[in-house]
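The next block is start-v9.cif, given as mmCIF, C-alpha atoms and all ligand atoms.
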```
data_data
loop_
_atom_site.label_atom_id
_atom_site.label_comp_id
_atom_site.auth_asym_id
_atom_site.auth_seq_id
_atom_site.Cartn_x
_atom_site.Cartn_y
_atom_site.Cartn_z
CA MET A 1 -18.37 3.89 -3.01
CA LYS A 2 -14.74 2.88 -3.16
CA ARG A 3 -14.12 -0.72 -2.25
CA ILE A 4 -10.88 -1.43 -0.44
CA PHE A 5 -9.07 -4.77 -0.52
CA SER A 6 -5.75 -5.65 1.01
CA GLY A 7 -3.91 -8.72 2.20
CA VAL A 8 -1.18 -9.92 4.50
CA GLN A 9 0.61 -13.26 4.55
CA PRO A 10 0.29 -15.49 7.60
CA THR A 11 3.99 -16.21 7.78
CA GLY A 12 4.67 -15.27 11.41
CA ASN A 13 6.57 -12.28 12.74
CA LEU A 14 4.14 -9.49 11.89
CA HIS A 15 6.46 -6.51 12.18
CA LEU A 16 6.60 -2.76 12.37
CA GLY A 17 6.84 -2.51 8.56
CA ASN A 18 3.56 -4.39 8.16
CA TYR A 19 1.99 -2.21 10.82
CA LEU A 20 3.16 1.21 9.62
CA GLY A 21 3.19 0.42 5.89
CA ALA A 22 -0.19 -1.29 5.79
CA ILE A 23 -2.23 -2.29 8.84
CA ARG A 24 -2.34 1.13 10.48
CA ASN A 25 -3.64 2.59 7.23
CA TRP A 26 -6.27 -0.14 7.00
CA VAL A 27 -7.56 0.94 10.40
CA LYS A 28 -7.86 4.51 9.16
CA LEU A 29 -9.79 3.48 6.05
CA GLN A 30 -12.41 1.41 7.87
CA ASP A 31 -14.37 4.50 8.93
CA GLU A 32 -15.02 5.65 5.41
CA PHE A 33 -15.06 2.68 3.07
CA ASP A 34 -16.22 -0.88 2.50
CA CYS A 35 -13.10 -2.86 3.31
CA LEU A 36 -12.03 -6.46 2.88
CA TYR A 37 -8.89 -7.53 4.69
CA CYS A 38 -7.57 -10.93 3.80
CA ILE A 39 -5.05 -13.24 5.43
CA VAL A 40 -3.57 -14.74 2.32
CA ASP A 41 -2.86 -18.34 3.28
CA LEU A 42 -2.88 -19.48 -0.37
CA HIS A 43 -0.03 -17.08 -1.01
CA ALA A 44 1.83 -18.37 2.05
CA VAL A 45 2.03 -21.93 0.68
CA THR A 46 3.99 -20.82 -2.39
CA VAL A 47 6.86 -21.67 -0.04
CA TRP A 48 6.73 -24.84 2.07
CA ARG A 49 5.12 -24.26 5.50
CA LYS A 50 4.54 -26.67 8.35
CA PRO A 51 0.74 -27.11 8.46
CA GLU A 52 0.44 -26.48 12.20
CA GLU A 53 2.54 -23.32 11.89
CA LEU A 54 0.41 -22.06 9.02
CA THR A 55 -2.72 -22.55 11.13
CA ALA A 56 -1.19 -20.83 14.16
CA ASN A 57 0.16 -17.96 12.08
CA THR A 58 -3.22 -17.41 10.44
CA ARG A 59 -4.77 -16.94 13.88
CA GLU A 60 -1.87 -14.78 15.00
CA VAL A 61 -2.19 -12.40 12.06
CA ALA A 62 -5.96 -12.21 12.56
CA ALA A 63 -5.33 -11.37 16.22
CA GLY A 64 -2.85 -8.70 15.08
CA LEU A 65 -5.41 -7.08 12.81
CA LEU A 66 -8.04 -6.98 15.55
CA ALA A 67 -5.53 -5.81 18.16
CA ALA A 68 -4.41 -2.98 15.87
CA GLY A 69 -7.98 -1.70 15.83
CA LEU A 70 -9.75 -3.33 12.89
CA ASP A 71 -13.38 -4.07 13.61
CA GLY A 72 -14.55 -7.54 12.60
CA LYS A 73 -18.10 -6.32 12.09
CA ARG A 74 -17.47 -3.24 10.00
CA ASN A 75 -14.86 -4.96 7.82
CA ILE A 76 -14.76 -8.33 6.16
CA ILE A 77 -11.75 -10.05 7.73
CA PHE A 78 -11.14 -13.57 6.45
CA ASN A 79 -8.58 -16.10 5.35
CA GLN A 80 -8.23 -16.54 1.62
CA SER A 81 -8.52 -20.35 1.41
CA GLN A 82 -12.10 -20.13 2.69
CA VAL A 83 -13.27 -18.44 -0.51
CA PRO A 84 -12.67 -20.83 -3.44
CA GLY A 85 -13.25 -18.02 -5.94
CA HIS A 86 -9.71 -16.71 -5.35
CA SER A 87 -8.16 -19.88 -6.76
CA GLU A 88 -10.65 -20.09 -9.60
CA LEU A 89 -10.14 -16.54 -10.79
CA ALA A 90 -6.38 -16.92 -10.35
CA TRP A 91 -6.49 -19.81 -12.83
CA ILE A 92 -8.30 -17.66 -15.37
CA PHE A 93 -5.70 -14.93 -14.79
CA ASN A 94 -2.92 -17.50 -15.29
CA CYS A 95 -4.33 -17.75 -18.78
CA VAL A 96 -4.58 -13.98 -19.27
CA ALA A 97 -1.20 -12.82 -17.90
CA ARG A 98 1.86 -13.30 -20.11
CA LEU A 99 5.05 -15.08 -19.06
CA GLY A 100 7.01 -11.99 -20.00
CA TRP A 101 5.04 -9.88 -17.54
CA LEU A 102 5.73 -12.25 -14.67
CA ASN A 103 9.38 -12.54 -15.64
CA ARG A 104 9.78 -8.88 -14.78
CA MET A 105 8.56 -9.22 -11.18
CA THR A 106 11.39 -8.22 -8.87
CA GLN A 107 9.87 -9.95 -5.84
CA PHE A 108 10.00 -13.33 -7.58
CA LYS A 109 13.64 -12.75 -8.47
CA GLU A 110 14.45 -11.83 -4.87
CA LYS A 111 12.50 -14.71 -3.35
CA ALA A 112 13.57 -17.39 -5.81
CA GLY A 113 17.21 -16.28 -5.56
CA LYS A 114 19.80 -18.10 -7.64
CA ASN A 115 17.95 -21.39 -7.63
CA LYS A 116 15.04 -20.30 -9.83
CA GLU A 117 14.52 -23.78 -11.25
CA ASN A 118 13.66 -25.03 -7.81
CA ALA A 119 11.05 -22.37 -6.96
CA SER A 120 7.41 -23.47 -6.94
CA VAL A 121 5.22 -22.65 -9.91
CA GLY A 122 2.95 -20.98 -7.37
CA LEU A 123 5.68 -18.54 -6.36
CA PHE A 124 6.06 -17.50 -10.00
CA ALA A 125 2.30 -17.15 -10.55
CA TYR A 126 1.83 -15.41 -7.17
CA PRO A 127 0.99 -11.97 -8.67
CA ASN A 128 -1.87 -13.50 -10.68
CA LEU A 129 -3.44 -14.77 -7.48
CA MET A 130 -2.97 -11.33 -5.99
CA ALA A 131 -4.81 -9.77 -8.93
CA ALA A 132 -7.59 -12.33 -8.43
CA ASP A 133 -7.85 -11.44 -4.72
CA ILE A 134 -8.57 -7.85 -5.55
CA LEU A 135 -10.65 -8.22 -8.69
CA LEU A 136 -12.89 -11.00 -7.36
CA TYR A 137 -14.52 -8.22 -5.33
CA LYS A 138 -14.03 -5.57 -8.01
CA ALA A 139 -12.05 -3.63 -5.43
CA THR A 140 -10.68 -0.32 -6.67
CA HIS A 141 -8.23 0.76 -3.97
CA VAL A 142 -5.48 -1.29 -2.40
CA PRO A 143 -3.59 0.06 0.63
CA VAL A 144 -0.11 -1.46 0.69
CA GLY A 145 3.54 -0.69 1.37
CA GLU A 146 5.76 0.34 -1.51
CA ASP A 147 7.09 -3.17 -2.12
CA GLN A 148 3.71 -4.24 -3.55
CA LYS A 149 3.48 -1.51 -6.17
CA GLN A 150 4.78 -3.58 -9.05
CA HIS A 151 2.29 -6.36 -8.30
CA LEU A 152 -0.56 -3.86 -8.38
CA GLU A 153 0.57 -2.50 -11.73
CA LEU A 154 0.41 -6.07 -12.98
CA ALA A 155 -3.11 -6.46 -11.55
CA ARG A 156 -4.12 -3.42 -13.56
CA ASP A 157 -2.59 -4.90 -16.75
CA ILE A 158 -4.38 -8.19 -16.17
CA ALA A 159 -7.74 -6.46 -15.65
CA GLN A 160 -7.24 -4.43 -18.80
CA LYS A 161 -6.22 -7.41 -20.89
CA PHE A 162 -9.18 -9.45 -19.64
CA ASN A 163 -11.53 -6.60 -20.56
CA ASN A 164 -9.90 -6.25 -24.02
CA ASP A 165 -9.73 -9.98 -24.75
CA PHE A 166 -13.40 -10.49 -23.98
CA GLY A 167 -14.61 -7.11 -25.20
CA VAL A 168 -16.17 -6.18 -21.87
CA ASP A 169 -15.87 -3.43 -19.34
CA PHE A 170 -15.93 -5.78 -16.40
CA PHE A 171 -12.99 -5.22 -14.09
CA PRO A 172 -12.26 -1.75 -12.68
CA GLU A 173 -8.85 -0.07 -12.59
CA VAL A 174 -6.92 -0.94 -9.49
CA GLU A 175 -5.32 1.94 -7.67
CA PRO A 176 -2.55 1.46 -5.08
CA LEU A 177 -2.98 3.51 -1.91
CA ILE A 178 0.51 4.08 -0.57
CA PHE A 179 0.39 6.71 2.13
CA GLY A 180 1.90 7.75 5.43
CA THR A 181 5.58 8.32 6.12
CA ALA A 182 6.61 4.68 6.48
CA THR A 183 5.82 3.16 3.12
CA ARG A 184 9.12 1.28 3.17
CA VAL A 185 10.46 0.46 6.61
CA MET A 186 14.03 -0.84 6.49
CA SER A 187 15.90 -3.47 8.51
CA LEU A 188 17.38 -2.28 11.81
CA ARG A 189 20.60 -4.12 10.87
CA ASP A 190 20.96 -2.71 7.36
CA GLY A 191 19.26 0.47 6.21
CA THR A 192 19.38 -0.62 2.58
CA LYS A 193 17.35 -3.81 3.14
CA LYS A 194 13.59 -3.96 3.69
CA MET A 195 12.36 -4.99 7.14
CA SER A 196 11.03 -8.46 6.50
CA LYS A 197 9.40 -11.43 8.21
CA SER A 198 11.90 -13.77 6.64
CA ASP A 199 15.13 -12.02 7.74
CA PRO A 200 17.00 -14.65 9.81
CA SER A 201 18.02 -12.00 12.37
CA ASP A 202 15.27 -11.12 14.83
CA TYR A 203 17.25 -7.95 15.58
CA SER A 204 16.47 -6.73 12.06
CA ARG A 205 12.82 -6.13 12.91
CA ILE A 206 10.46 -5.09 15.66
CA ASN A 207 7.70 -7.66 15.91
CA MET A 208 4.21 -6.63 16.91
CA THR A 209 4.41 -9.14 19.76
CA ASP A 210 7.74 -7.85 21.15
CA ASN A 211 7.62 -6.68 24.76
CA ALA A 212 9.01 -3.37 25.99
CA ASP A 213 12.46 -4.80 26.77
CA ALA A 214 12.82 -6.42 23.37
CA ILE A 215 11.75 -3.24 21.55
CA ALA A 216 14.17 -1.07 23.56
CA LYS A 217 17.05 -3.53 23.08
CA LYS A 218 16.51 -3.82 19.32
CA ILE A 219 16.45 -0.05 18.90
CA ARG A 220 19.52 0.35 21.13
CA LYS A 221 21.40 -2.17 18.98
CA ALA A 222 20.12 -0.81 15.66
CA LYS A 223 22.89 0.00 13.18
CA THR A 224 23.87 3.68 12.92
CA ASP A 225 26.76 5.64 11.46
CA PRO A 226 29.47 7.62 13.28
CA GLN A 227 28.06 11.10 12.54
CA SER A 228 25.46 13.07 14.46
CA LEU A 229 21.87 12.99 13.25
CA PRO A 230 21.19 14.74 9.93
CA ALA A 231 19.40 18.10 10.13
CA ASN A 232 17.70 17.77 6.76
CA VAL A 233 16.40 15.13 4.41
CA GLU A 234 18.96 15.89 1.68
CA LYS A 235 21.47 13.88 3.74
CA PHE A 236 19.20 10.83 3.88
CA ASP A 237 20.39 9.12 0.69
CA ALA A 238 23.91 8.76 2.02
CA ARG A 239 22.71 7.79 5.50
CA PRO A 240 20.14 5.02 5.17
CA GLU A 241 20.13 3.95 8.84
CA ALA A 242 19.59 7.50 10.11
CA ALA A 243 16.87 7.98 7.48
CA ASN A 244 15.12 4.82 8.59
CA LEU A 245 15.20 5.54 12.33
CA MET A 246 14.12 9.14 11.87
CA GLY A 247 11.40 7.99 9.47
CA LEU A 248 10.18 5.57 12.12
CA TYR A 249 10.00 8.36 14.65
CA ALA A 250 8.00 10.50 12.22
CA ALA A 251 5.62 7.66 11.42
CA LEU A 252 5.07 6.62 15.03
CA SER A 253 4.55 10.19 16.23
CA GLU A 254 2.53 11.06 13.09
CA THR A 255 4.63 14.13 12.38
CA SER A 256 6.59 15.06 9.29
CA ILE A 257 10.11 13.94 8.67
CA GLU A 258 11.14 17.63 8.47
CA ASP A 259 9.88 18.15 12.03
CA VAL A 260 11.95 15.20 13.20
CA CYS A 261 15.04 16.62 11.44
CA ASN A 262 14.46 20.01 13.05
CA ARG A 263 14.03 18.53 16.47
CA PHE A 264 16.85 15.96 16.52
CA GLY A 265 19.26 17.11 13.76
CA GLY A 266 22.81 17.57 15.08
CA GLY A 267 22.07 15.43 18.16
CA GLU A 268 23.53 12.08 19.18
CA PHE A 269 22.05 8.76 18.14
CA SER A 270 22.09 7.43 21.70
CA ALA A 271 19.72 10.09 23.08
CA PHE A 272 17.48 9.89 20.01
CA LYS A 273 17.29 6.12 20.23
CA LYS A 274 16.00 6.37 23.81
CA GLN A 275 13.18 8.64 22.70
CA LEU A 276 12.41 6.45 19.71
CA ALA A 277 12.30 3.38 21.95
CA ASP A 278 9.90 5.09 24.40
CA LEU A 279 7.65 6.09 21.54
CA ALA A 280 7.69 2.63 19.93
CA VAL A 281 6.96 0.99 23.29
CA ALA A 282 4.05 3.35 23.95
CA LYS A 283 2.52 2.65 20.53
CA LEU A 284 3.22 -1.05 20.13
CA VAL A 285 3.11 -2.68 23.53
CA PRO A 286 -0.66 -2.17 24.04
CA ILE A 287 -1.28 -3.73 20.61
CA GLY A 288 1.02 -6.64 21.43
CA GLU A 289 -0.79 -7.20 24.72
CA ARG A 290 -4.20 -7.19 23.05
CA MET A 291 -2.83 -9.60 20.48
CA ARG A 292 -1.57 -12.01 23.13
CA ARG A 293 -4.93 -11.93 24.93
CA LEU A 294 -6.74 -12.70 21.68
CA MET A 295 -4.38 -15.57 20.94
CA GLU A 296 -5.10 -17.07 24.35
CA ASP A 297 -8.75 -17.33 23.34
CA PRO A 298 -8.74 -18.32 19.66
CA ALA A 299 -12.54 -18.84 19.66
CA GLU A 300 -13.09 -15.10 19.22
CA VAL A 301 -10.57 -14.90 16.36
CA ASP A 302 -12.07 -17.97 14.68
CA ARG A 303 -15.55 -16.48 14.98
CA VAL A 304 -14.45 -13.28 13.22
CA LEU A 305 -12.74 -15.26 10.45
CA ALA A 306 -15.72 -17.59 9.98
CA GLN A 307 -18.10 -14.68 9.69
CA GLY A 308 -15.72 -12.81 7.36
CA GLY A 309 -15.38 -15.92 5.17
CA ARG A 310 -19.16 -16.24 4.87
CA ARG A 311 -19.57 -12.61 3.90
CA ALA A 312 -16.69 -12.74 1.41
CA ARG A 313 -18.12 -15.88 -0.25
CA GLN A 314 -21.50 -14.18 -0.58
CA LEU A 315 -19.90 -11.19 -2.27
CA ALA A 316 -17.71 -13.31 -4.54
CA GLU A 317 -20.29 -15.82 -5.76
CA PRO A 318 -22.35 -13.63 -8.12
CA THR A 319 -19.22 -12.00 -9.57
CA LEU A 320 -17.69 -15.39 -10.20
CA LYS A 321 -20.81 -16.50 -12.09
CA GLU A 322 -20.61 -13.38 -14.23
CA ILE A 323 -16.94 -14.10 -14.94
CA GLN A 324 -17.82 -17.66 -15.97
CA ASP A 325 -20.41 -16.27 -18.37
CA VAL A 326 -17.93 -13.78 -19.85
CA VAL A 327 -15.35 -16.53 -20.41
CA GLY A 328 -17.99 -18.86 -21.84
CA PHE A 329 -17.98 -21.59 -19.23
CA LEU A 330 -21.27 -23.45 -19.48
CA ARG A 331 -23.33 -23.25 -16.28
CA PRO A 332 -25.89 -25.96 -17.00
P1 LIG B 1 3.13 -9.04 3.05
O1 LIG B 1 2.47 -10.08 3.89
O2 LIG B 1 4.56 -9.23 2.68
O3 LIG B 1 2.98 -7.63 3.75
C1 LIG B 1 1.73 -7.11 4.19
C2 LIG B 1 1.72 -5.61 3.99
O4 LIG B 1 2.79 -5.01 4.70
C3 LIG B 1 3.54 -4.18 3.82
N1 LIG B 1 4.97 -4.24 4.20
C4 LIG B 1 5.73 -3.17 4.43
N2 LIG B 1 5.46 -1.85 4.41
C5 LIG B 1 6.46 -1.01 4.71
N3 LIG B 1 7.72 -1.43 5.04
C6 LIG B 1 8.04 -2.75 5.06
N4 LIG B 1 9.26 -3.15 5.39
C7 LIG B 1 7.02 -3.69 4.75
N5 LIG B 1 6.97 -5.04 4.68
C8 LIG B 1 5.72 -5.36 4.34
C9 LIG B 1 3.32 -4.76 2.43
O5 LIG B 1 3.54 -3.80 1.42
C10 LIG B 1 1.89 -5.20 2.52
O6 LIG B 1 1.02 -4.11 2.23
N6 LIG B 1 1.60 -10.02 -1.62
C11 LIG B 1 1.22 -9.36 -0.37
C12 LIG B 1 -0.11 -9.83 0.19
C13 LIG B 1 -1.26 -9.81 -0.73
C14 LIG B 1 -1.99 -8.67 -1.12
C15 LIG B 1 -3.02 -9.15 -1.99
C16 LIG B 1 -1.87 -7.31 -0.85
C17 LIG B 1 -1.84 -10.89 -1.33
N7 LIG B 1 -2.89 -10.50 -2.06
C18 LIG B 1 -3.92 -8.28 -2.56
C19 LIG B 1 -2.80 -6.45 -1.44
C20 LIG B 1 -3.80 -6.93 -2.28
C21 LIG B 1 2.30 -9.63 0.65
O7 LIG B 1 3.03 -10.57 0.55
O8 LIG B 1 2.27 -8.78 1.72
#
```
Mind turning the file's structure into structure tokens?
Ligand code: TYM
Amino acid sequence: MKRIFSGVQPTGNLHLGNYLGAIRNWVKLQDEFDCLYCIVDLHAVTVWRKPEELTANTREVAAGLLAAGLDGKRNIIFNQSQVPGHSELAWIFNCVARLGWLNRMTQFKEKAGKNKENASVGLFAYPNLMAADILLYKATHVPVGEDQKQHLELARDIAQKFNNDFGVDFFPEVEPLIFGTATRVMSLRDGTKKMSKSDPSDYSRINMTDNADAIAKKIRKAKTDPQSLPANVEKFDARPEAANLMGLYAALSETSIEDVCNRFGGGEFSAFKKQLADLAVAKLVPIGERMRRLMEDPAEVDRVLAQGGRRARQLAEPTLKEIQDVVGFLRP
């Protein structure tokens, strides 16, 4: 049986990229596999967060997962800080991973920006914690958007080096699962930039909690170019905004990008945007409404997280003991 693990940061503004690139795929996987879905609050504090916002965002993301269709009984849904094994294994991986490996991580370079000296040590070591998240449960398949691919390659290197260093065959190979047509959703303001929770412009993204008016307005104002819509994907490289909007239509309607090109190619952006907005509203507004209802009654969300935390700890505990034995930590 494949074991699936994936995570999302509780940093507010869950957006269409998170939904199409990850969460929607998680929902699809729950029917077939054992899945753990983790709200990675330890990752979130690699950058300073107001405590009360972190708490609220953790509940909001949990509500988003449930509202999108994840079942709290069939899956283990929990917040990372409630399973101490993540931090413990991350420390061991800090001692396995090499500085040179982490120096190559593009996400650290992007997030730390020019002022690298001032970034937290946690932000630098972030991919080691990510490897620990997955390998603590010996998960084999990790459904993510494209931006996480490099981190998963690192997780694989760490697992391999651990196995080699200790002469064991303990950790499995980690396989990214990057599927669907929206593996990299771009900003609505700039088709060359990833849609992101941290973009200062709210017009750059569609949030899962946006109402119909907000969704329609953001799509209406989305950046385009002066030409009509491309009729085939060969034109996409030179036309990032058209590629992104048409990709969103394909993903939301679960058709191929070629179908979207055939249907809308040669047409005007304005008419296409109306149809895209209607589609996005139809798909997202019910999720947003469910999310808001769940957030009004946090007891249900907290119950799911508490139960998920208990089940995750139970799974992690025996593995952690085995890891301690492999490393040689005395368990008197
Ligand atoms: P995070 O919180 O940035 O994003 C959660 C998921 O959403 C995907 N995603 C996107 N997909 C398509 N287009 C976009 N614009 C877009 N933006 C985000 C991400 O690829 C991700 O799948 N480091 C991770 C969280 C994490 C994790 C893990 C993931 C921690 N431990 C272990 C997998 C396994 C992160 O920051 O995701």
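Between atom CA of A:Val142 and atom CA of A:Phe5 the interatomic distance comes to 5.3 Å.
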Legend entry - Selection as a PyMOL selection string: residues within 8 Å of (-15.1, -8.1, -8.5), counting all atoms listed in the file: chain A and resi 134-139+171+316+319-320
Inset, instruction - Give as an MDAnalysis selection string the residues surrounding ligand LIG 1 (chain B) up to a distance of 7 Å, considering all atoms listed in the file. - result: chainID A and resid 5:10 17:22 40 43 129:131 133:134 142:148 182:186 194:196
As lines of an AutoDock Vina configuration file, what would the box around stretch 325-332 of chain A look like: edges along x, y and z, 4 Å added on every side, centre and edge lengths in Å to one decimal?
```
center_x = -20.6
center_y = -19.9
center_z = -19.1
size_x = 18.5
size_y = 20.2
size_z = 13.6
```
Inset, instruction - Excluding A:Gly122 and any residue of its chain fewer than 4 positions from it, enumerate the residues within 12 Å of it, using only C-alpha atoms, and give them as a ChimeraX atom specification. - result: /A:42-48,87,90-91,94,102,108,112,118,126-130
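Interatomic distance, atom CA of A:Met208 to atom CA of A:Ser256: 23.1 Å.
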Legend entry - Coordinates-based distance that separates atom CA of A:Ile4 from atom CA of A:Glu153 (Å, one decimal): 16.1 Å
Inset, instruction - Would you list the contacts of stretch 67-83 of chain A as a ChimeraX atom specification, taking every protein, DNA or RNA residue within 7 Å and counting all atoms listed in the file, but skipping same-chain residues closer than 6 positions in sequence? - result: /A:27,30,34-42,287,290-291,304-305,308-309,311-313
Legend entry - Exercise: stretch 259-267 of chain A partners within 6 Å, all atoms listed in the file, chain neighbours under 4 positions left out, as a PyMOL selection string: chain A and resi 228-232
Block slice stretch 70-85 of chain A, N, CA, C and O atoms, emitted as a PDB file, in the first residue's frame:
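This went into decode.pdb:
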```pdb
ATOM      1  N   LEU A  70     -11.844  16.820   1.955  1.00  0.00           N
ATOM      2  CA  LEU A  70     -11.074  15.792   2.663  1.00  0.00           C
ATOM      3  C   LEU A  70     -11.875  15.309   3.871  1.00  0.00           C
ATOM      4  O   LEU A  70     -12.493  16.109   4.569  1.00  0.00           O
ATOM      5  N   ASP A  71     -11.814  14.017   4.093  1.00  0.00           N
ATOM      6  CA  ASP A  71     -12.570  13.400   5.173  1.00  0.00           C
ATOM      7  C   ASP A  71     -11.638  13.195   6.370  1.00  0.00           C
ATOM      8  O   ASP A  71     -10.604  12.534   6.251  1.00  0.00           O
ATOM      9  N   GLY A  72     -12.023  13.770   7.497  1.00  0.00           N
ATOM     10  CA  GLY A  72     -11.191  13.704   8.705  1.00  0.00           C
ATOM     11  C   GLY A  72     -11.116  12.316   9.313  1.00  0.00           C
ATOM     12  O   GLY A  72     -10.277  12.076  10.184  1.00  0.00           O
ATOM     13  N   LYS A  73     -11.987  11.426   8.892  1.00  0.00           N
ATOM     14  CA  LYS A  73     -11.925  10.058   9.425  1.00  0.00           C
ATOM     15  C   LYS A  73     -11.041   9.176   8.566  1.00  0.00           C
ATOM     16  O   LYS A  73     -10.228   8.403   9.057  1.00  0.00           O
ATOM     17  N   ARG A  74     -11.228   9.310   7.242  1.00  0.00           N
ATOM     18  CA  ARG A  74     -10.453   8.442   6.343  1.00  0.00           C
ATOM     19  C   ARG A  74      -8.983   8.841   6.291  1.00  0.00           C
ATOM     20  O   ARG A  74      -8.113   8.028   6.031  1.00  0.00           O
ATOM     21  N   ASN A  75      -8.717  10.143   6.472  1.00  0.00           N
ATOM     22  CA  ASN A  75      -7.337  10.635   6.398  1.00  0.00           C
ATOM     23  C   ASN A  75      -6.878  11.060   7.788  1.00  0.00           C
ATOM     24  O   ASN A  75      -7.697  11.352   8.650  1.00  0.00           O
ATOM     25  N   ILE A  76      -5.570  11.132   7.930  1.00  0.00           N
ATOM     26  CA  ILE A  76      -5.029  11.710   9.165  1.00  0.00           C
ATOM     27  C   ILE A  76      -4.712  13.173   8.870  1.00  0.00           C
ATOM     28  O   ILE A  76      -3.794  13.470   8.108  1.00  0.00           O
ATOM     29  N   ILE A  77      -5.519  14.057   9.439  1.00  0.00           N
ATOM     30  CA  ILE A  77      -5.329  15.497   9.205  1.00  0.00           C
ATOM     31  C   ILE A  77      -4.891  16.095  10.543  1.00  0.00           C
ATOM     32  O   ILE A  77      -5.600  15.962  11.547  1.00  0.00           O
ATOM     33  N   PHE A  78      -3.739  16.740  10.561  1.00  0.00           N
ATOM     34  CA  PHE A  78      -3.210  17.190  11.855  1.00  0.00           C
ATOM     35  C   PHE A  78      -2.263  18.351  11.668  1.00  0.00           C
ATOM     36  O   PHE A  78      -1.823  18.635  10.553  1.00  0.00           O
ATOM     37  N   ASN A  79      -1.968  19.035  12.790  1.00  0.00           N
ATOM     38  CA  ASN A  79      -0.944  20.075  12.693  1.00  0.00           C
ATOM     39  C   ASN A  79       0.368  19.562  13.289  1.00  0.00           C
ATOM     40  O   ASN A  79       0.405  18.922  14.343  1.00  0.00           O
ATOM     41  N   GLN A  80       1.405  19.869  12.531  1.00  0.00           N
ATOM     42  CA  GLN A  80       2.749  19.302  12.699  1.00  0.00           C
ATOM     43  C   GLN A  80       3.290  19.399  14.133  1.00  0.00           C
ATOM     44  O   GLN A  80       3.878  18.449  14.646  1.00  0.00           O
ATOM     45  N   SER A  81       3.066  20.545  14.792  1.00  0.00           N
ATOM     46  CA  SER A  81       3.674  20.749  16.114  1.00  0.00           C
ATOM     47  C   SER A  81       3.156  19.749  17.139  1.00  0.00           C
ATOM     48  O   SER A  81       3.766  19.588  18.197  1.00  0.00           O
ATOM     49  N   GLN A  82       2.047  19.082  16.841  1.00  0.00           N
ATOM     50  CA  GLN A  82       1.469  18.149  17.803  1.00  0.00           C
ATOM     51  C   GLN A  82       2.120  16.772  17.762  1.00  0.00           C
ATOM     52  O   GLN A  82       1.772  15.889  18.531  1.00  0.00           O
ATOM     53  N   VAL A  83       3.061  16.595  16.831  1.00  0.00           N
ATOM     54  CA  VAL A  83       3.793  15.321  16.773  1.00  0.00           C
ATOM     55  C   VAL A  83       5.287  15.643  16.918  1.00  0.00           C
ATOM     56  O   VAL A  83       5.942  16.049  15.960  1.00  0.00           O
ATOM     57  N   PRO A  84       5.831  15.495  18.127  1.00  0.00           N
ATOM     58  CA  PRO A  84       7.217  15.926  18.382  1.00  0.00           C
ATOM     59  C   PRO A  84       8.238  15.219  17.486  1.00  0.00           C
ATOM     60  O   PRO A  84       9.327  15.741  17.266  1.00  0.00           O
ATOM     61  N   GLY A  85       7.883  14.054  16.981  1.00  0.00           N
ATOM     62  CA  GLY A  85       8.812  13.303  16.123  1.00  0.00           C
ATOM     63  C   GLY A  85       9.297  14.077  14.908  1.00  0.00           C
ATOM     64  O   GLY A  85      10.408  13.840  14.413  1.00  0.00           O
TER      65      GLY A  85
END
```
